[in-house]
Amino acid sequence: MAGNVTPLAAIHRLLGARFTEFGGWEMPVQYTGIIDEHLAVRQRCGLFDLSHMGEVEIRGPMALEFVQEVLSNDVLKLTPGRVQYSLLCNEMGGILDDLLVYRHQDYVTLVVNASNTDKDLDWLRQVALRPRYQGKVEILNVGEERAILAVQGPLAPKVMQVVGLDVLDLPYMAFRLLGRQGELMVSRTGYTGEVGYELYLPAADAVTWWERFMGVKESIGIQPVGLGARDTLRLEMGYTLYGNDIDETTNPWEAGIGWAVKLDKEFIGREALLQTKAQGLQRCLVGFRVDGRGIARPGYPVQVSDELKGEVTSGCISPSLDKAIGLAYLDHTCAEEGTLLEVIVRGKAVAAQIVSLPFVPSRVRDVVDS
C-alpha cells in the first residue's frame, strides 16, 4: 500500500491493525473491530493516531491580520489559549477546507485535513505573496515534524490525570502548552462528541506518549481506535467530513455550518458568500434514519414521494443505536424533520425519515467548564 506513514505505523502493525489509504496516508482503519472500538469511546476511552492531519503555523508581525483575512470566522475574538472552528474559502466562497484555529500569543496554528494540506499550503502561500504581507507573514508546514494523538471518551480526563498531564481545568475549545519548551500542545477538542483531548507533539516523542497512554489499558480500559470508528463517531454527531459532506461546491449554510461565517468582517470569499446567502437555501444537509433494511452509502439517490430530491453524502450503521443513519443533501422544500424518504439502495427503495441532529447526545461539555 503506497502512501505516507505516521511515526506510529510499526506499533499499529504490532497491534494487528488493518490499514487503509486516506488522504495520501497509510492509516489504521481498525484493530479489534469498528463496533468494539466505537463503543469503547462512547463508554470508556479511545486512543487515536491522527498524525496524518496537517499542522500549519502562521508567524510574523501580520500573522493575525493574515489569518483574519483568509478565514471565515472572527479570529480577533479569540484570546490566546483558545481554539476556534473556521473555514478556508476561495474567492468564489467555495470551502477549501474546514479547520481548527489555535491562537497563541504571537502566532497562530491551523490544524487542517490531511487530504487538503498541500492545497491549503499553496493557497495560503499565494495569499501571503500579496504586497501587504510580503516579509511580514511566514507560512510554516510544521506537521511534517509533528505527531497528533487524541484521547476521547468519558474516562479521558482520568487518563490524562494518570499520565501526568495537567489539563483537567481546560475548558472546551481551549489549549495549553506543556513540556520543557512548550513543545507539547494539549487541547480539549475532538471530533467524537465525547469529552476528549488532542495532543500535538514532536514526531520523535510519538511512540513514548502512545506507550504511556497504553500503559493504563488494564487499569482504565483505554484502547486504540482506527479511522473506521472515528468516522462512525463523527457521523453520530452529524459532524461533516470534508470530501463527503462539504467541498468547494458546497456553501456553509446548506451544510449547517454557517455559524462559522462572520459576514460583518472582511475575508476572502465574503462577497460571494453574501450573494449566496441573499439567494436563500436551495438544498440542506439533513440527518436521516433508515427504517427499512439497507445501509445508505455516499452517492445513493434519495426520493420523496417517488421524486428524486437529493443524495446521500455519508452513511453507516450507528453502533450506539444499532440502526442505519446518514447525511444527505435534499431540496430545501422537503428538508423538515419527520419527512419520509426513500433511499435507493442497490436499485431498491428503502424507507427512511429525516431526524434531528445529533443522532446521539453530545457529551463534549461533560466536565466542568470555566
# chains A, B, ... in the order shown; residues from 1 in each chain; ligands from 1
>>> closest_atom_pairs(of="stretch 202-249 of chain A", to="stretch 23-44 of chain A", cutoff="12 Å", atoms="only C-alpha atoms", output="CSV")
residue,atom,partner,partner_atom,distance
A:Lys217,CA,A:Arg44,CA,10.6
A:Ser219,CA,A:Arg44,CA,11.5
A:Ile220,CA,A:Arg44,CA,7.8
A:Gly221,CA,A:Arg44,CA,6.5
A:Ile222,CA,A:Arg44,CA,6.7
A:Gln223,CA,A:Ala40,CA,7.3
A:Pro224,CA,A:Tyr31,CA,7.2
A:Val225,CA,A:Glu37,CA,5.5
A:Gly226,CA,A:Gln30,CA,4.4
A:Leu227,CA,A:Val29,CA,4.5
A:Gly228,CA,A:Val29,CA,5.0
A:Ala229,CA,A:His38,CA,5.0
A:Arg230,CA,A:His38,CA,7.4
A:Asp231,CA,A:His38,CA,9.3
A:Thr232,CA,A:His38,CA,7.3
A:Leu233,CA,A:His38,CA,6.5
A:Arg234,CA,A:His38,CA,10.2
A:Leu235,CA,A:His38,CA,11.4
A:Glu236,CA,A:His38,CA,10.5
A:Met237,CA,A:Arg42,CA,11.8
A:Tyr242,CA,A:Gly23,CA,10.7
A:Gly243,CA,A:Gly23,CA,10.1
>>> write_last_selection(atoms="N, CA and C atoms", output="PDB file, in the first residue's frame")
ATOM      1  N   LYS A 217      -4.039   0.795  29.952  1.00  0.00           N
ATOM      2  CA  LYS A 217      -5.089  -0.007  29.310  1.00  0.00           C
ATOM      3  C   LYS A 217      -5.771  -0.932  30.309  1.00  0.00           C
ATOM      4  N   SER A 219      -5.816  -0.793  33.682  1.00  0.00           N
ATOM      5  CA  SER A 219      -6.435  -0.143  34.847  1.00  0.00           C
ATOM      6  C   SER A 219      -7.641   0.728  34.493  1.00  0.00           C
ATOM      7  N   ILE A 220      -7.628   1.345  33.303  1.00  0.00           N
ATOM      8  CA  ILE A 220      -8.711   2.264  32.936  1.00  0.00           C
ATOM      9  C   ILE A 220      -9.530   1.773  31.750  1.00  0.00           C
ATOM     10  N   GLY A 221      -8.912   1.006  30.873  1.00  0.00           N
ATOM     11  CA  GLY A 221      -9.686   0.472  29.754  1.00  0.00           C
ATOM     12  C   GLY A 221      -9.533   1.236  28.455  1.00  0.00           C
ATOM     13  N   ILE A 222      -8.494   2.060  28.340  1.00  0.00           N
ATOM     14  CA  ILE A 222      -8.254   2.752  27.089  1.00  0.00           C
ATOM     15  C   ILE A 222      -7.834   1.748  26.017  1.00  0.00           C
ATOM     16  N   GLN A 223      -8.233   1.973  24.780  1.00  0.00           N
ATOM     17  CA  GLN A 223      -7.822   1.080  23.706  1.00  0.00           C
ATOM     18  C   GLN A 223      -7.651   1.861  22.408  1.00  0.00           C
ATOM     19  N   PRO A 224      -6.799   1.344  21.502  1.00  0.00           N
ATOM     20  CA  PRO A 224      -6.569   2.040  20.234  1.00  0.00           C
ATOM     21  C   PRO A 224      -7.801   2.004  19.342  1.00  0.00           C
ATOM     22  N   VAL A 225      -8.011   3.087  18.606  1.00  0.00           N
ATOM     23  CA  VAL A 225      -9.185   3.227  17.744  1.00  0.00           C
ATOM     24  C   VAL A 225      -8.734   3.710  16.372  1.00  0.00           C
ATOM     25  N   GLY A 226      -9.266   3.076  15.323  1.00  0.00           N
ATOM     26  CA  GLY A 226      -8.884   3.423  13.966  1.00  0.00           C
ATOM     27  C   GLY A 226      -9.817   4.404  13.298  1.00  0.00           C
ATOM     28  N   LEU A 227      -9.543   4.682  12.025  1.00  0.00           N
ATOM     29  CA  LEU A 227     -10.327   5.664  11.279  1.00  0.00           C
ATOM     30  C   LEU A 227     -11.764   5.212  11.038  1.00  0.00           C
ATOM     31  N   GLY A 228     -12.001   3.903  11.044  1.00  0.00           N
ATOM     32  CA  GLY A 228     -13.360   3.406  10.829  1.00  0.00           C
ATOM     33  C   GLY A 228     -14.307   3.893  11.906  1.00  0.00           C
ATOM     34  N   ALA A 229     -13.908   3.706  13.166  1.00  0.00           N
ATOM     35  CA  ALA A 229     -14.742   4.161  14.277  1.00  0.00           C
ATOM     36  C   ALA A 229     -14.741   5.676  14.392  1.00  0.00           C
ATOM     37  N   ARG A 230     -13.658   6.308  14.001  1.00  0.00           N
ATOM     38  CA  ARG A 230     -13.651   7.779  14.012  1.00  0.00           C
ATOM     39  C   ARG A 230     -14.742   8.317  13.092  1.00  0.00           C
ATOM     40  N   ASP A 231     -14.961   7.620  11.975  1.00  0.00           N
ATOM     41  CA  ASP A 231     -15.999   8.057  11.036  1.00  0.00           C
ATOM     42  C   ASP A 231     -17.394   7.815  11.603  1.00  0.00           C
ATOM     43  N   THR A 232     -17.632   6.663  12.212  1.00  0.00           N
ATOM     44  CA  THR A 232     -18.963   6.398  12.765  1.00  0.00           C
ATOM     45  C   THR A 232     -19.250   7.294  13.968  1.00  0.00           C
ATOM     46  N   LEU A 233     -18.219   7.612  14.742  1.00  0.00           N
ATOM     47  CA  LEU A 233     -18.389   8.505  15.889  1.00  0.00           C
ATOM     48  C   LEU A 233     -18.784   9.911  15.429  1.00  0.00           C
ATOM     49  N   ARG A 234     -18.080  10.433  14.427  1.00  0.00           N
ATOM     50  CA  ARG A 234     -18.394  11.796  13.968  1.00  0.00           C
ATOM     51  C   ARG A 234     -19.753  11.824  13.282  1.00  0.00           C
ATOM     52  N   LEU A 235     -20.124  10.735  12.596  1.00  0.00           N
ATOM     53  CA  LEU A 235     -21.412  10.724  11.912  1.00  0.00           C
ATOM     54  C   LEU A 235     -22.565  10.701  12.911  1.00  0.00           C
ATOM     55  N   GLU A 236     -22.418   9.990  14.019  1.00  0.00           N
ATOM     56  CA  GLU A 236     -23.464  10.009  15.051  1.00  0.00           C
ATOM     57  C   GLU A 236     -23.684  11.422  15.597  1.00  0.00           C
ATOM     58  N   MET A 237     -22.664  12.265  15.504  1.00  0.00           N
ATOM     59  CA  MET A 237     -22.783  13.660  15.941  1.00  0.00           C
ATOM     60  C   MET A 237     -23.324  14.571  14.842  1.00  0.00           C
ATOM     61  N   TYR A 242     -14.930  16.534   5.310  1.00  0.00           N
ATOM     62  CA  TYR A 242     -14.532  17.165   4.055  1.00  0.00           C
ATOM     63  C   TYR A 242     -14.320  16.098   2.979  1.00  0.00           C
ATOM     64  N   GLY A 243     -14.850  16.390   1.803  1.00  0.00           N
ATOM     65  CA  GLY A 243     -14.773  15.431   0.701  1.00  0.00           C
ATOM     66  C   GLY A 243     -16.029  14.606   0.566  1.00  0.00           C
TER      67      GLY A 243
END
>>> residues_around(residues="A:Met160", least_positions_apart="3", cutoff="12 Å", atoms="only C-alpha atoms", output="JSON, numbers by chain")
{"A": [45, 47, 150, 151, 152, 153, 154, 155, 156, 157, 163, 164, 165, 166, 167, 168, 169, 170, 186, 187, 188, 195, 196, 197, 198, 199, 209, 212, 213, 214, 215, 216, 220, 222]}
>>> closest_residue(among="A:Lys262, A:Arg103, A:Arg297, A:Lys277", to="A:Arg82", atoms="only C-alpha atoms")
A:Arg103
>>> closest_residue(among="A:Leu308, A:Asn4, A:Leu78, A:Met92", to="A:Leu274", atoms="only C-alpha atoms")
A:Met92
>>> residues_around(residues="A:Ala147", least_positions_apart="4", cutoff="10 Å", atoms="only C-alpha atoms", output="VMD selection string")
chain A and resid 6 to 8 49 to 55 142 to 143 199 to 207
>>> select_by_dssp(residues="stretch 44-119 of chain A", states="strand (DSSP E)", output="ChimeraX atom specification")
/A:45-49,54-59,83-89,95-103,108-112
>>> closest_residue(among="A:Glu307, A:Pro301, A:Ala114, A:Val360", to="A:Leu321", atoms="only C-alpha atoms")
A:Val360
>>> select_by_dssp(residues="stretch 112-213 of chain A", states="alpha helix (DSSP H)", output="PDB file with C-alpha atoms, in the first residue's frame")
ATOM      1  CA  THR A 117      -2.737  20.026   3.415  1.00  0.00           C
ATOM      2  CA  ASP A 118      -0.890  20.650   0.151  1.00  0.00           C
ATOM      3  CA  LYS A 119      -3.814  22.566  -1.358  1.00  0.00           C
ATOM      4  CA  ASP A 120      -4.194  24.694   1.769  1.00  0.00           C
ATOM      5  CA  LEU A 121      -0.480  25.483   1.895  1.00  0.00           C
ATOM      6  CA  ASP A 122      -0.452  26.502  -1.767  1.00  0.00           C
ATOM      7  CA  TRP A 123      -3.426  28.825  -1.194  1.00  0.00           C
ATOM      8  CA  LEU A 124      -2.016  30.358   1.983  1.00  0.00           C
ATOM      9  CA  ARG A 125       1.370  30.963   0.369  1.00  0.00           C
ATOM     10  CA  GLN A 126      -0.317  32.513  -2.644  1.00  0.00           C
ATOM     11  CA  VAL A 127      -2.185  34.989  -0.441  1.00  0.00           C
ATOM     12  CA  ALA A 128       0.990  35.682   1.544  1.00  0.00           C
ATOM     13  CA  ALA A 156     -10.411  10.730  29.081  1.00  0.00           C
ATOM     14  CA  PRO A 157      -9.956  13.217  31.980  1.00  0.00           C
ATOM     15  CA  LYS A 158      -8.921  10.368  34.279  1.00  0.00           C
ATOM     16  CA  VAL A 159      -6.472   9.047  31.680  1.00  0.00           C
ATOM     17  CA  MET A 160      -4.892  12.483  31.285  1.00  0.00           C
ATOM     18  CA  GLN A 161      -4.525  12.804  35.038  1.00  0.00           C
ATOM     19  CA  VAL A 162      -2.931   9.361  35.440  1.00  0.00           C
ATOM     20  CA  ALA A 206       5.009   9.907  19.485  1.00  0.00           C
ATOM     21  CA  VAL A 207       5.965   6.356  20.481  1.00  0.00           C
ATOM     22  CA  THR A 208       6.768   7.397  24.057  1.00  0.00           C
ATOM     23  CA  TRP A 209       3.402   9.069  24.527  1.00  0.00           C
ATOM     24  CA  TRP A 210       1.455   6.285  22.801  1.00  0.00           C
ATOM     25  CA  GLU A 211       3.033   3.714  25.115  1.00  0.00           C
ATOM     26  CA  ARG A 212       2.389   5.937  28.126  1.00  0.00           C
ATOM     27  CA  PHE A 213      -1.312   6.060  27.312  1.00  0.00           C
TER      28      PHE A 213
END
>>> atom_distance(atom1="atom CA of A:Gln134", atom2="atom CA of A:Val67")
14.3 Å
>>> closest_residue(among="A:Val112, A:Val302, A:Val5, A:Val290", to="A:Ala335", atoms="only C-alpha atoms")
A:Val302
>>> residues_around(residues="A:Leu281", least_positions_apart="5", cutoff="8 Å", atoms="only C-alpha atoms", output="JSON, numbers by chain")
{"A": [253, 254, 332]}
>>> write_last_selection(atoms="C-alpha atoms", output="compact mmCIF listing (two decimals), in the first residue's frame")
# COMPACT_ATOMS: atom_id res chain seq x y z
CA TRP A 253 -25.37 27.47 5.20
CA GLU A 254 -26.58 24.48 3.24
CA HIS A 332 -34.88 22.68 0.84
>>> atom_distance(atom1="atom CA of A:Ser318", atom2="atom CA of A:Arg289")
9.6 Å
>>> residues_around(residues="A:Val355", least_positions_apart="3", cutoff="6 Å", atoms="only C-alpha atoms", output="ChimeraX atom specification")
/A:287-288,337
